[in-house]
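> Sharing a structure below in structure tokens format, with a few things to ask.
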Amino acid sequence: MRALSLFSGAGGLDLGSREPDSSTWLPSTAIPRASRRCAGIAPTGACYTRTCERRPSRRAPLIVHGGPPCQPFSMGGRGAGEMDDRNMWPAFSQVISDVRPSAFVGENVRGMLRRRFRPYVEAQVVAPLEAMGYVCRWYGVNAIIVDVPQTRCRVFLVGLRSDAAHVTFADALEKGKCGLRAGARAALGLSEDGYADGPCPTVKCSFSSPRLTTSIDSGPGSMRKWRTLGIWPCGVQDTRAAASAMPVTADASLHRLCVDDVRRLQGFPVDWELLGCRSKQLGLLGNSVPPPMAECVARAIRIALQTS
């Protein structure tokens, strides 16, 4: 299916949504050249810049998907909402208006639906899209229900052409939830070693921090959970060998993470190549949609379009 990808970042939505017979992918990103592997998805696609000032082709895609920057609505990003310069929902709506796809998916943090943002979201995000003839609904998905070993709650604004299509979508989305088959330690190939396995806390995006870091921990509560898993989320290293050569001072039995470990915790294949230094790669991963989550949503969209 033809698709237009916006704010692609590490390519999680693209990787989870691609099909063998997809004809055109047009990746766009707020971080230029985030992933070499996006070229494998869109070998002939054009790239659009952060401000979306260039108009896409009038050959309308079947689906537009993207995750406008979440920092305006996240706790880590200071939650300035519409006053934040990083708020790109108006640009997302403009692209929908330009190309009028059969369906669209906009992803963001759960905090976007907080009461303080409700007037803006309803009047400036949802209402303009509904005025274009779309029926819009919000859907919440936790990564652990699609077998990603991480507690990561995200919301998706889905636009379809009818209420009936949403009924089909919701049913397909529910059927696509497979549950969590393995915890974080198992996903990383670690033995139990006396630690109880389970999902890890949300992998933090360092782009929300004042400076780039090599930590994916989001606070004291999160750190306690990491430690119960026997995993150390600070000072993430480039490789497993480098991580092993740097024992955790506080407790040498803790497993120090490497970038490939974070890929696994986010549901990315380890050969999904990202560009940039270690802190930038970690920021891209922490800012991304886990591919299995994207796949679950994309499959439900396809079923809704095929049956509506």
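If you're wondering about the labels, chains in the structure tokens are A, B, ... by order shown, residues count from 1 in each chain, ligands from 1 in order shown.
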Identify, on the basis of only C-alpha atoms, every residue whose closest approach to A:Leu229 does not exceed 8 Å; exclude the query and any residue fewer than 2 positions from it along the same chain; express the result as a list in words.
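Near A:Leu229, the qualifying residues are Ala184, Arg185, Tyr195, Ala196, Asp197, Gly198, Cys200, Lys225, Trp226, Arg227 and Ile231 of chain A.
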> For N, CA, C and O atoms, I'd like the residues from the last selection saved as a PDB file, in the first residue's frame.

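Contents of the output file part_34.pdb:
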ATOM      1  N   ALA A 184      12.305  -8.615  29.991  1.00  0.00           N
ATOM      2  CA  ALA A 184      13.462  -7.887  29.478  1.00  0.00           C
ATOM      3  C   ALA A 184      14.735  -8.725  29.532  1.00  0.00           C
ATOM      4  O   ALA A 184      15.535  -8.719  28.592  1.00  0.00           O
ATOM      5  N   ARG A 185      14.944  -9.454  30.618  1.00  0.00           N
ATOM      6  CA  ARG A 185      16.165 -10.265  30.717  1.00  0.00           C
ATOM      7  C   ARG A 185      16.183 -11.350  29.645  1.00  0.00           C
ATOM      8  O   ARG A 185      17.219 -11.575  29.004  1.00  0.00           O
ATOM      9  N   TYR A 195      17.363 -12.882  39.628  1.00  0.00           N
ATOM     10  CA  TYR A 195      16.492 -11.730  39.376  1.00  0.00           C
ATOM     11  C   TYR A 195      15.163 -12.192  38.789  1.00  0.00           C
ATOM     12  O   TYR A 195      15.131 -13.093  37.948  1.00  0.00           O
ATOM     13  N   ALA A 196      14.073 -11.576  39.211  1.00  0.00           N
ATOM     14  CA  ALA A 196      12.761 -11.869  38.642  1.00  0.00           C
ATOM     15  C   ALA A 196      12.628 -11.120  37.327  1.00  0.00           C
ATOM     16  O   ALA A 196      12.868  -9.911  37.266  1.00  0.00           O
ATOM     17  N   ASP A 197      12.259 -11.826  36.277  1.00  0.00           N
ATOM     18  CA  ASP A 197      12.149 -11.188  34.965  1.00  0.00           C
ATOM     19  C   ASP A 197      10.782 -10.535  34.800  1.00  0.00           C
ATOM     20  O   ASP A 197       9.818 -10.849  35.491  1.00  0.00           O
ATOM     21  N   GLY A 198      10.697  -9.639  33.838  1.00  0.00           N
ATOM     22  CA  GLY A 198       9.458  -8.936  33.543  1.00  0.00           C
ATOM     23  C   GLY A 198       9.741  -7.785  32.604  1.00  0.00           C
ATOM     24  O   GLY A 198      10.884  -7.599  32.159  1.00  0.00           O
ATOM     25  N   CYS A 200      10.625  -4.095  31.306  1.00  0.00           N
ATOM     26  CA  CYS A 200      11.412  -2.999  31.848  1.00  0.00           C
ATOM     27  C   CYS A 200      10.586  -1.713  31.831  1.00  0.00           C
ATOM     28  O   CYS A 200       9.537  -1.646  31.181  1.00  0.00           O
ATOM     29  N   LYS A 225      12.945  -0.108  39.449  1.00  0.00           N
ATOM     30  CA  LYS A 225      12.475  -1.223  38.630  1.00  0.00           C
ATOM     31  C   LYS A 225      13.613  -1.824  37.819  1.00  0.00           C
ATOM     32  O   LYS A 225      13.747  -3.063  37.718  1.00  0.00           O
ATOM     33  N   TRP A 226      14.453  -0.983  37.240  1.00  0.00           N
ATOM     34  CA  TRP A 226      15.597  -1.482  36.486  1.00  0.00           C
ATOM     35  C   TRP A 226      16.466  -2.380  37.372  1.00  0.00           C
ATOM     36  O   TRP A 226      16.913  -3.446  36.954  1.00  0.00           O
ATOM     37  N   ARG A 227      16.685  -1.941  38.599  1.00  0.00           N
ATOM     38  CA  ARG A 227      17.567  -2.695  39.481  1.00  0.00           C
ATOM     39  C   ARG A 227      16.944  -4.022  39.907  1.00  0.00           C
ATOM     40  O   ARG A 227      17.666  -5.008  40.102  1.00  0.00           O
ATOM     41  N   ILE A 231      19.377  -4.880  35.797  1.00  0.00           N
ATOM     42  CA  ILE A 231      19.830  -4.162  34.600  1.00  0.00           C
ATOM     43  C   ILE A 231      20.174  -2.730  34.993  1.00  0.00           C
ATOM     44  O   ILE A 231      19.445  -2.085  35.754  1.00  0.00           O
TER      45      ILE A 231
END
> So which residues touch stretch 237-244 of chain A within 12 Å, counting only C-alpha atoms, skipping near sequence neighbours fewer than 3 positions away, as an NGL selection string?
:A and (188-189 or 213-216 or 231-234 or 247-248 or 252-263 or 270 or 276-282)
> Would you kindly return, as a list of chain:residue names, each protein, DNA or RNA residue with an atom no farther than 6 Å from any atom of A:Gly66, considering only C-alpha atoms and excluding same-chain residues fewer than 6 positions away?
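In the requested format, the answer is A:Ser5, A:Leu6, A:Phe7, A:Gly106.
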> Residues of the last selection are to be written out with N, CA and C atoms, as a JSON list (two decimals), in the first residue's frame.

[["chain", "number", "residue", "atom", "x", "y", "z"],
["A", 5, "SER", "N", 5.15, 8.73, 5.18],
["A", 5, "SER", "CA", 5.64, 8.67, 6.55],
["A", 5, "SER", "C", 6.18, 10.02, 6.97],
["A", 6, "LEU", "N", 5.67, 10.55, 8.07],
["A", 6, "LEU", "CA", 6.11, 11.84, 8.59],
["A", 6, "LEU", "C", 6.81, 11.66, 9.93],
["A", 7, "PHE", "N", 7.78, 12.55, 10.22],
["A", 7, "PHE", "CA", 8.48, 12.52, 11.51],
["A", 7, "PHE", "C", 9.01, 11.11, 11.79],
["A", 106, "GLY", "N", -1.76, 9.16, 13.72],
["A", 106, "GLY", "CA", -0.85, 10.07, 14.40],
["A", 106, "GLY", "C", -0.55, 9.53, 15.79]]
> Give me, as a short mmCIF file (atom, residue, chain, number, x, y, z; two decimals) with C-alpha atoms, in the first residue's frame, all polymer residues having an atom no more than 12 Å from A:Cys296, counting only C-alpha atoms and skipping those fewer than 2 positions away in the same chain.

data_model
loop_
_atom_site.label_atom_id
_atom_site.label_comp_id
_atom_site.auth_asym_id
_atom_site.auth_seq_id
_atom_site.Cartn_x
_atom_site.Cartn_y
_atom_site.Cartn_z
CA LEU A 13 6.41 3.16 12.27
CA LEU A 15 9.50 -0.80 9.86
CA GLY A 16 6.34 -2.03 11.54
CA SER A 17 4.04 -0.91 8.75
CA ARG A 18 5.89 -1.98 5.62
CA VAL A 141 -1.68 0.72 23.18
CA ASN A 142 0.85 -0.57 25.73
CA ALA A 143 3.96 -2.15 24.23
CA ILE A 145 0.56 -6.38 24.87
CA VAL A 146 2.38 -6.73 21.54
CA ASP A 147 5.30 -8.69 23.01
CA VAL A 148 7.70 -5.77 23.52
CA PHE A 156 -2.80 6.79 18.31
CA PHE A 169 -10.30 -1.34 13.22
CA ALA A 170 -10.93 -1.67 16.96
CA ASP A 171 -11.80 -5.35 16.60
CA ALA A 172 -8.68 -6.05 14.51
CA LEU A 173 -6.51 -4.08 16.94
CA GLU A 174 -7.79 -6.15 19.86
CA LYS A 175 -7.19 -9.42 18.02
CA GLY A 176 -3.64 -8.33 17.23
CA LYS A 177 -2.68 -8.12 20.90
CA CYS A 178 -0.59 -11.20 21.60
CA GLY A 179 0.58 -10.39 25.11
CA VAL A 289 7.40 3.67 18.14
CA PRO A 290 8.30 0.00 18.77
CA PRO A 291 7.91 -1.77 15.41
CA PRO A 292 5.65 -4.54 16.82
CA MET A 293 3.29 -1.84 18.11
CA ALA A 294 3.32 -0.14 14.71
CA ALA A 298 -0.97 -1.00 10.65
CA ARG A 299 -2.51 -4.45 10.31
CA ALA A 300 -5.74 -3.18 11.86
CA ILE A 301 -5.76 -0.21 9.47
CA ARG A 302 -5.35 -2.49 6.45
CA ILE A 303 -8.21 -4.72 7.60
#
> Using DSSP on the backbone coordinates, identify the residues of stretch 59-204 of chain A assigned to helix (DSSP H, G or I); present them as an MDAnalysis selection string.
chainID A and resid 71:73 81:83 89:99 110:113 115:131 143:146 163:175 184:187
> If I take atom CA of A:Ala80 and atom CA of A:Val125, how far is one from the other in Å, to one decimal?
15.7 Å
> Smallest atom-to-atom distance to A:Ile63: which of A:Glu122, A:Asp14, A:Asp251, A:Asp85, using only C-alpha atoms?
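Closest to A:Ile63, using only C-alpha atoms: A:Asp14.
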> Residues at most 6 Å from A:Arg110, counting only C-alpha atoms, excluding those fewer than 2 positions away in the same chain, as a list in words?
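Listed by chain and then number, they are Met112, Leu113, Arg154 and Val155 of chain A.
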> Quick one: DSSP strand (DSSP E or B) residues in stretch 33-276 of chain A, as JSON, numbers by chain?
{"A": [35, 48, 63, 64, 65, 66, 103, 104, 105, 106, 107, 108, 109, 135, 136, 137, 138, 139, 140, 141, 142, 150, 153, 154, 155, 156, 157, 158, 159, 160, 200, 231, 232, 233, 234, 235, 236, 237, 255, 256, 257, 258, 274]}
> Quick one: distance from atom CA of A:Met83 to atom CA of A:Arg115 in Å, one decimal?
16.1 Å
> For a quick check of understanding, using only C-alpha atoms, which of A:His65, A:Arg181, A:Arg78, A:Arg86 has the smallest distance to A:Gly11?
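Looking at the shortest contact to A:Gly11, the residue is A:His65.
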